[in-house]
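Undergrad: Pasting a structure here, questions to come.
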Amino acid sequence: MLARHNRNDTGERMSDVVAEVHDLGKVHGGGSARVVALDGVTAAFRKGEFTAVMGPSGSGKSTLLHCLAGLDTPTSGAVRVGGTDLSTLDDDRLTRLRRERIGFVFQSFNLVPTLTAWENITLPLTMGGVRPDRDWVEGIVAAVGLSDRLHHRPAELSGGQQQRVACARAMATRPDIIVADEPTGNLDTRSGAAVLGLLAGCARQWNQAVLMVTHDPMAAAHTDRILFLTDGRLADEMPAPTADRVLDRMRDLDPEAAHG
Amino acid sequence: MRYAVRAVVAAKARYVLPAIGIVLGVAFVVSALVYGEAVRAMAERDAALADVSVEVGPDRTETPLDSALVRRLAQVPGVAGVRPIARGWAFLVDREGGTDRAAATNYLPSRHTLDAGQAPQGANEVVLDDKAGYSVGDRVRIVVNGVVRDVRVSGTTAASRSLIVLDTATARKDFAAAPDAYTEVDLVAAAGTSESALLAAVKEVLPDEFGAVSGTELAASAQADAEKITEILLGFAAIALFVACFLIANTFTMLSTARARENALLRAIGASRRAVLRRVLAEAAVLGVIATVPGYVVGIGGAALLGNLFSDGPPLQALALTPILVALCVGLGVTVVAAYLPARRAAAIPPIAALRTGLPVDQRSLNRRSVVGAISTAAGLAAICATPQTWELIYLGAPLLMLGLIALTPWLGLRLTALIRRPLTRLAGPRATLAVENARRVPRRTAATANALMVGLAICAAATVPLASLAAEAERAADTGDTADLRITPVDFAALAPDTAARVAAVPGVRLVSPVGNAHLDLGGGRALDAAVVDPVSLPQFVPVTVRAGVLGSLDHAIAVTTETATRRQWAVGTRVSTYTVAAIVDLPAGFGHDALVASDPDGQPPASILVRADPGQADAVRDRIRAALDNPTVRVHTRTEYREAAAEPYRRFLGILYALLGAAVLIGALAVATTMTMSTVERTREVGLLRAIGMTRAHVRAAFRWESVVVALLAAVVGLPAGVLIGSSAVWGQDSVALAIPWPTLGLFVVLTAIIGVVAAAWPAWRASRLPVLDALRSDTE
Ligand SMILES: Nc1ncnc2c1ncn2[C@@H]1O[C@H](COP(=O)(O)OP(=O)(O)OP(=O)(O)O)[C@@H](O)[C@H]1O
Ligand SMILES: [Mg+2]
């Protein structure tokens, strides 16, 4: 299946694809409690491409990200990161892949409360027994604007600063793909914009694939393309979005939510 | 109350470890009471069975109690019965070739009711106690006065301890100081004569060198022994319970933290502080009662174990009112008392906390506690340093030091973990950083956990130092400055036979033997001289004897005294000392341990040891040959190193018993570490989820918890072991006869064992944490 899919897509800069999901399905529970979270989603993510995932609540956005990041196991279909089918990996190798090739930013509780900002940022490196490349990490720290906050603990940082530390951590290992689940969900506009800028920078400057879930049309407008999910299905894809077009599309997909 | 039962059942996983702690503590108390009572009852029964009103015996065993005196005693008014007794120690050679020490006595129809067979007739028959496991007609070997005898079991009798009954003529020959004598006489009062009246009457006619005690006094001293055993065991039980308090308190603190929101909600909807307090205490009470039942059962098992270990299994009374009531009071009391402070803190939660997310942080300052701890520690140290002058200060110093350190542990824990954060991180990466940080997170909890382990470790160390010092001293004393290849000695309570030296000399490979005995030379006027009974010809071949004045010669009616003794007593060659003449003044090696040398023992005792020179390089082979030739399990044939080790052996064995008794406290301490680690993993579920999500392997998650556990356990060792060593040392400082010997290898072993306790205590919680499904953990609402 996957091989055919690859052949079909060879035209589109095949070598740049760092992660892809094919015919992805995820079912939670069973019997009467059965919930289909993902239903046949196929998508590819390329270097330097900033993708937004949008859709109503419960449409499966987080599930997609979790499957892509190797945190959740799909019930059907396949996930490939850097050419590796995740279902072939045991827990240790999957963990290593998460650590080295994927950067994750959650909506909240991104940081280990007992470690300083610097220790949190370098955690994926030190955890893998890698000596942090100081210049590289300091470059990131400077980019996220936290040079004077490195020895503070998360509790001593604002929410925006915490999210920027989380972004820095996600970037520290130079992963193939950065995955962010509503990274600006808890932030004010200014802090949100800073985090968005960072993620966009990852794609543009560092040539990484960036995938972000958001409910905010303004945030989505910063991206290169938007995937719309409804009821676990890929409803639409919008390249080069603008805020107005996003709003329109959202209204089409989920009239109630857009009106409400 | 019904709510409390349900709450305990619901949280049963969290209550398992503290419940085990209570079970152990209660079991210890029950063991002490039931075993102590069994020993006491046995002593009481023996006393009743003995039916003695007054017992008469010589002050020194060498004084014969002859039949003339027995007859005289029989004529004392008020004496209804006279039982002349000849008794001593004998050994029964068991089927494995080992020995069982037994009380040996002459057959008395009124004392020994035979279950089977007949009374012993002649030297070749014995009656054994029914627990020895032999029946009438069996042939057994017994050792009396160093001589092995092949005898026939003529009968068996019920007895509370190992017993060998000999016929009267044999027993008198074996044990009495003279042919016509006995060792004791038991008198039975006539009806109408009181024990005290009889005692007074007997004392009237007794010569000076004899004493008399009443049957009541005899029974009372046996009872006192039993009570002492109970007290000692209860002391160890108290230590275990003290440690259990930390475990219980920690459990309830952590449960209250986990339930803070629930408690706040209760407060918010109108429950009073007292209601919340009662709720927690009721839960503690239920836990205490539930744990008491298995505690009692385990305690009975423990008492049976003690019975088999230390005596011949006295019959236990498994269900008695006192131990049941005490067990209930202890189980309930300790749990509720230990839970009281955490319960009060739980009740003090403001209702508004119901609306807060995350776990409430303990923000109480440590300052006051640390200051109190520092003062108490300093006072304790001062008192301990003053023990060489006034050793009773140890009773003040040791508790002050321990309590001070307990109060100081949160502060010490913060300081020490701050010190090791960097080096450990360099060593083991973020696993170690996380471990150290988590150990720092709740200093009081970490401290209480460490304290539970610390108390047991400190007491172990405090017991080890003086006993190791005594053992080292014994090894030094065993080095008597002789050059013997082998040394032959009897086991405790046994003796060498008079012909042993001659038999050893005949063994092939033996070049030379020299028997050495101990004699107590009465100089009259209350003065005595401690002399070695030696062969003056062969002794200098083994021991460097330097004659300073006179001639050693054959020491016929003469003694040689050490220079020091001669100077002190102002004796010179030719001085008459009692019935001896000082023939020589000599220097003996330090460690020889006698003030004088004589050629024969005035009391006729056999030698206490025999020095042997073997053919060069043949010591081991000759030793085995001597053993085979003597074929006597009550005789020890040791090479030089074996002898040194054997000298320290009793202390090592005693230390082993102490460790076994302290084991419960250490085990409860280990349970406390395991409990804290379990709670710690539960509280940090979400953090584990995060760490796993960003790429921490399962092995690393486990390692992080293991490190944390080891850090907490080692905090206990770092604080507890030095304190214990200090307390133990202070018990030695004041003694002139014992030099302080710090057992570094043992202490090192303690540290290693503590680390292992840490690893083992974390094993299950760490494994569980590493297996948490990442997404579920991330979504959990803890922290
Ligand atoms: N562990 C689970 N057990 C059962 N159902 C689940 C579980 N996780 C997610 N679901 C269901 O799967 C569907 C998709 O959930 P998902 O979290 O991916 O939605 P989402 O698009 O991220 O929503 P939101 O915008 O609210 O975050 C939902 O209907 C949800 O209830
Ligand atoms: Mg979501």
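Quick note on naming: the chains in the structure tokens go A, B, ... in the order shown, residues restart at 1 in each chain, and ligands are numbered from 1 in order of appearance.
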List as a ChimeraX atom specification the protein and nucleic acid residues near A:Trp136, meaning an atom at most 12 Å away when only C-alpha atoms are counted, but skip any in the same chain fewer than 4 places from it.

TA: /A:121-122,125,131-132,140-143,168-169,171-174,206

Undergrad: Return as a PyMOL selection string the residues of protein, DNA or RNA that approach ligand 1 to within 7 Å, with only C-alpha atoms and all ligand atoms taken into account.

TA: chain A and resi 28-29+35-37+55-64

Undergrad: Restricting it to N, CA and C atoms, dump the selection as a compact mmCIF listing (two decimals), in the first residue's frame.

TA:
# COMPACT_ATOMS: atom_id res chain seq x y z
N HIS A 28 -10.97 4.35 19.53
CA HIS A 28 -10.87 4.24 20.98
C HIS A 28 -11.99 3.39 21.51
N GLY A 29 -11.68 2.57 22.52
CA GLY A 29 -12.72 1.79 23.19
C GLY A 29 -13.34 0.74 22.29
N VAL A 35 -15.24 4.89 19.86
CA VAL A 35 -15.11 6.23 19.25
C VAL A 35 -14.08 6.16 18.14
N VAL A 36 -14.48 6.59 16.95
CA VAL A 36 -13.51 6.63 15.85
C VAL A 36 -12.86 8.01 15.87
N ALA A 37 -11.59 8.06 16.25
CA ALA A 37 -10.89 9.34 16.36
C ALA A 37 -10.25 9.73 15.05
N GLY A 55 -9.70 22.05 12.89
CA GLY A 55 -10.92 21.27 12.89
C GLY A 55 -11.62 21.43 14.20
N PRO A 56 -12.88 21.08 14.21
CA PRO A 56 -13.65 21.24 15.45
C PRO A 56 -13.10 20.36 16.57
N SER A 57 -13.51 20.69 17.77
CA SER A 57 -13.09 19.89 18.92
C SER A 57 -13.53 18.45 18.73
N GLY A 58 -12.65 17.53 19.04
CA GLY A 58 -12.98 16.11 18.92
C GLY A 58 -12.84 15.56 17.53
N SER A 59 -12.25 16.36 16.63
CA SER A 59 -12.15 15.90 15.25
C SER A 59 -10.94 14.99 15.03
N GLY A 60 -10.09 14.86 16.04
CA GLY A 60 -8.97 13.92 15.91
C GLY A 60 -7.62 14.56 15.68
N LYS A 61 -7.52 15.87 15.89
CA LYS A 61 -6.26 16.57 15.62
C LYS A 61 -5.14 16.07 16.53
N SER A 62 -5.46 16.07 17.85
CA SER A 62 -4.43 15.61 18.80
C SER A 62 -4.05 14.17 18.53
N THR A 63 -5.05 13.37 18.20
CA THR A 63 -4.78 11.96 17.93
C THR A 63 -3.82 11.82 16.75
N LEU A 64 -4.04 12.61 15.74
CA LEU A 64 -3.15 12.57 14.58
C LEU A 64 -1.72 12.89 15.00

Undergrad: B:His520: which residues within 12 Å, counting only C-alpha atoms, same-chain residues fewer than 4 positions away excluded, as a PyMOL selection string?

TA: chain B and resi 60+62+524+526-533+594-598+600-605

Undergrad: Please determine the contact residues of chain B with respect to chain A at a cut-off of 8 Å, counting only C-alpha atoms, and supply them as a ChimeraX atom specification.

TA: /B:429-431,433-434,437-438,441,687,690-698,774-775

Undergrad: Give me a file of those residues, with C-alpha atoms, as a short mmCIF file (atom, residue, chain, number, x, y, z; two decimals), in the first residue's frame.

TA:
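Result file follows (again-v2.cif):
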data_model
loop_
_atom_site.label_atom_id
_atom_site.label_comp_id
_atom_site.auth_asym_id
_atom_site.auth_seq_id
_atom_site.Cartn_x
_atom_site.Cartn_y
_atom_site.Cartn_z
CA GLY B 429 23.12 12.41 33.46
CA PRO B 430 19.56 13.67 33.85
CA ARG B 431 18.50 10.45 35.57
CA THR B 433 19.59 15.18 38.30
CA LEU B 434 15.94 14.20 38.42
CA GLU B 437 15.84 17.04 42.63
CA ASN B 438 12.97 14.78 43.56
CA ARG B 441 11.33 18.30 46.54
CA GLU B 687 6.02 14.15 34.79
CA LEU B 690 6.28 14.07 29.77
CA LEU B 691 9.73 12.54 30.15
CA ARG B 692 8.69 9.47 28.19
CA ALA B 693 7.11 11.65 25.49
CA ILE B 694 10.26 13.65 24.92
CA GLY B 695 12.33 10.53 24.74
CA MET B 696 13.28 9.05 28.09
CA THR B 697 13.53 5.28 27.83
CA ARG B 698 11.84 2.98 30.29
CA VAL B 774 2.64 7.66 27.96
CA LEU B 775 -0.55 9.39 26.83
#

Undergrad: Determine which residues of stretch 513-761 of chain B DSSP labels as strand (DSSP E or B) from the backbone of this structure, then write them out as a count of residues only.

TA: 54

Undergrad: Taking the DSSP assignment computed from this structure's backbone, write out as a PyMOL selection string all residues of stretch 52-97 of chain A that belong to helix (DSSP H, G or I).

TA: chain A and resi 61-68+86-88+91-97

Undergrad: Counting only C-alpha atoms, what is within 7 Å of B:Ser162, bar same-chain residues fewer than 2 positions away, as a PyMOL selection string?

TA: chain B and resi 102-103+129

Undergrad: So that I can check the surroundings of B:Val673, please list as a PyMOL selection string every protein, DNA and RNA residue that reaches within 12 Å of it, counting only C-alpha atoms and ignoring chain neighbours fewer than 2 positions away.

TA: chain B and resi 17-18+21+243-244+246-248+250-251+439+445-454+666-671+675-680+705-706+708-716+754-765

Undergrad: Counting only C-alpha atoms and all ligand atoms, which of A:Gly192, A:Pro183, A:Gly201, A:Pro217 gets nearest to ligand 2?

TA: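 Of A:Gly192, A:Pro183, A:Gly201, A:Pro217, the one nearest ligand 2 is A:Pro183, counting only C-alpha atoms and all ligand atoms.
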
Undergrad: Just how far from atom CA of B:Gly133 is atom CA of B:Ala318, in Å to one decimal?

TA: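 Atom CA of B:Ala318 sits 24.8 Å away from atom CA of B:Gly133.
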
Undergrad: Which neighbours of stretch 113-126 of chain B fall inside 7 Å, counting only C-alpha atoms, when residues of the same chain fewer than 4 positions from it are skipped, and could you give them as a VMD selection string?

TA: chain B and resid 109 136 150 to 158 164 to 167 170

Undergrad: With C-alpha atoms retained, write the just-selected residues as a compact mmCIF listing (two decimals), in the first residue's frame.

TA:
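result-v3.txt, freshly written:
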# COMPACT_ATOMS: atom_id res chain seq x y z
CA PRO B 109 13.27 -40.84 92.63
CA VAL B 136 15.27 -46.95 76.13
CA ASP B 150 29.60 -44.96 75.78
CA VAL B 151 26.39 -45.45 77.73
CA ARG B 152 23.02 -47.08 77.41
CA VAL B 153 19.78 -45.13 77.75
CA SER B 154 18.02 -46.84 80.64
CA GLY B 155 15.04 -44.50 80.75
CA THR B 156 13.57 -41.13 79.79
CA THR B 157 12.06 -38.38 81.89
CA ALA B 158 10.17 -35.18 81.19
CA ILE B 164 21.39 -36.27 81.72
CA VAL B 165 20.58 -38.28 84.86
CA LEU B 166 23.39 -40.45 86.21
CA ASP B 167 23.28 -42.94 88.99
CA THR B 170 28.68 -41.99 89.26

Undergrad: Taking 6 positions as the minimum chain separation for residues in the same chain, which residues sit within 12 Å of B:Val289 when counting only C-alpha atoms? Answer as an MDAnalysis selection string.

TA: chainID B and resid 4:5 8 19 22:23 26 282:283 295:296 324:325 327:336

Undergrad: Keeping only N, CA, C and O atoms, write the selected residues to a file as a compact mmCIF listing (two decimals), in the first residue's frame.

TA:
# COMPACT_ATOMS: atom_id res chain seq x y z
N ALA B 4 -14.58 4.74 57.21
CA ALA B 4 -13.14 4.50 57.40
C ALA B 4 -12.74 3.13 56.86
O ALA B 4 -11.73 3.00 56.18
N VAL B 5 -13.57 2.12 57.17
CA VAL B 5 -13.28 0.78 56.67
C VAL B 5 -13.24 0.80 55.15
O VAL B 5 -12.32 0.29 54.52
N VAL B 8 -10.12 2.51 53.84
CA VAL B 8 -8.92 1.68 53.95
C VAL B 8 -8.92 0.62 52.87
O VAL B 8 -7.91 0.38 52.20
N ALA B 19 1.03 -1.33 56.67
CA ALA B 19 0.42 -2.42 57.44
C ALA B 19 1.45 -3.47 57.78
O ALA B 19 1.50 -3.97 58.91
N ILE B 22 3.35 -2.29 60.72
CA ILE B 22 2.63 -2.47 61.99
C ILE B 22 2.64 -3.94 62.38
O ILE B 22 2.85 -4.29 63.54
N VAL B 23 2.42 -4.80 61.39
CA VAL B 23 2.43 -6.24 61.66
C VAL B 23 3.74 -6.64 62.32
O VAL B 23 3.77 -7.31 63.35
N VAL B 26 3.95 -5.16 65.96
CA VAL B 26 3.06 -5.88 66.87
C VAL B 26 3.61 -7.28 67.11
O VAL B 26 3.64 -7.78 68.25
N ALA B 282 -9.92 7.80 62.20
CA ALA B 282 -10.71 6.57 62.13
C ALA B 282 -10.07 5.60 61.14
O ALA B 282 -9.99 4.39 61.37
N GLU B 283 -9.57 6.17 60.05
CA GLU B 283 -8.92 5.32 59.06
C GLU B 283 -7.67 4.68 59.65
O GLU B 283 -7.40 3.49 59.44
N GLY B 295 -0.40 -9.50 62.86
CA GLY B 295 0.73 -9.22 63.74
C GLY B 295 0.79 -10.20 64.89
O GLY B 295 1.84 -10.71 65.24
N TYR B 296 -0.39 -10.48 65.46
CA TYR B 296 -0.45 -11.41 66.58
C TYR B 296 -0.01 -12.81 66.15
O TYR B 296 0.80 -13.46 66.81
N ILE B 324 -2.85 -10.46 73.88
CA ILE B 324 -3.88 -10.03 72.93
C ILE B 324 -4.22 -8.56 73.17
O ILE B 324 -4.25 -7.74 72.24
N LEU B 325 -4.43 -8.22 74.43
CA LEU B 325 -4.78 -6.83 74.75
C LEU B 325 -3.63 -5.89 74.41
O LEU B 325 -3.84 -4.83 73.82
N ALA B 327 -1.24 -6.36 72.24
CA ALA B 327 -1.10 -6.28 70.78
C ALA B 327 -2.10 -5.28 70.21
O ALA B 327 -1.76 -4.44 69.38
N LEU B 328 -3.34 -5.35 70.71
CA LEU B 328 -4.38 -4.45 70.21
C LEU B 328 -4.03 -3.01 70.56
O LEU B 328 -4.14 -2.10 69.72
N CYS B 329 -3.61 -2.79 71.80
CA CYS B 329 -3.26 -1.43 72.23
C CYS B 329 -2.11 -0.90 71.40
O CYS B 329 -2.12 0.25 70.95
N VAL B 330 -1.09 -1.75 71.20
CA VAL B 330 0.09 -1.30 70.47
C VAL B 330 -0.28 -1.02 69.02
O VAL B 330 0.02 0.03 68.46
N GLY B 331 -0.95 -1.99 68.36
CA GLY B 331 -1.31 -1.83 66.96
C GLY B 331 -2.16 -0.60 66.73
O GLY B 331 -1.91 0.21 65.84
N LEU B 332 -3.16 -0.46 67.59
CA LEU B 332 -4.08 0.68 67.45
C LEU B 332 -3.39 1.97 67.86
O LEU B 332 -3.42 2.97 67.15
N GLY B 333 -2.75 1.92 69.04
CA GLY B 333 -2.15 3.12 69.62
C GLY B 333 -1.07 3.70 68.72
O GLY B 333 -1.11 4.89 68.38
N VAL B 334 -0.13 2.86 68.30
CA VAL B 334 0.98 3.37 67.50
C VAL B 334 0.46 3.98 66.20
O VAL B 334 0.88 5.05 65.78
N THR B 335 -0.49 3.29 65.56
CA THR B 335 -0.99 3.80 64.28
C THR B 335 -1.69 5.14 64.45
O THR B 335 -1.45 6.09 63.69
N VAL B 336 -2.54 5.22 65.46
CA VAL B 336 -3.30 6.47 65.64
C VAL B 336 -2.36 7.60 66.07
O VAL B 336 -2.45 8.72 65.55

Undergrad: With only C-alpha atoms as the atoms that count, which of A:Thr88, A:Thr184, A:Gln107, A:Thr42 lies nearest to A:Met218?

TA: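 Of A:Thr88, A:Thr184, A:Gln107, A:Thr42, the one nearest A:Met218 is A:Thr184, counting only C-alpha atoms.
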
Undergrad: So, with only C-alpha atoms as the atoms that count, which of B:Thr183, B:Leu69, B:Ala171, B:Ser53 lies closest to B:Glu195?

TA: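 Closest to B:Glu195, using only C-alpha atoms: B:Ser53.
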
Undergrad: What does the distance between atom CA of B:Val586 and atom CA of B:Val561 come to in Å, to one decimal place?

TA: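 Value for the atom CA of B:Val586-atom CA of B:Val561 distance: 6.1 Å.
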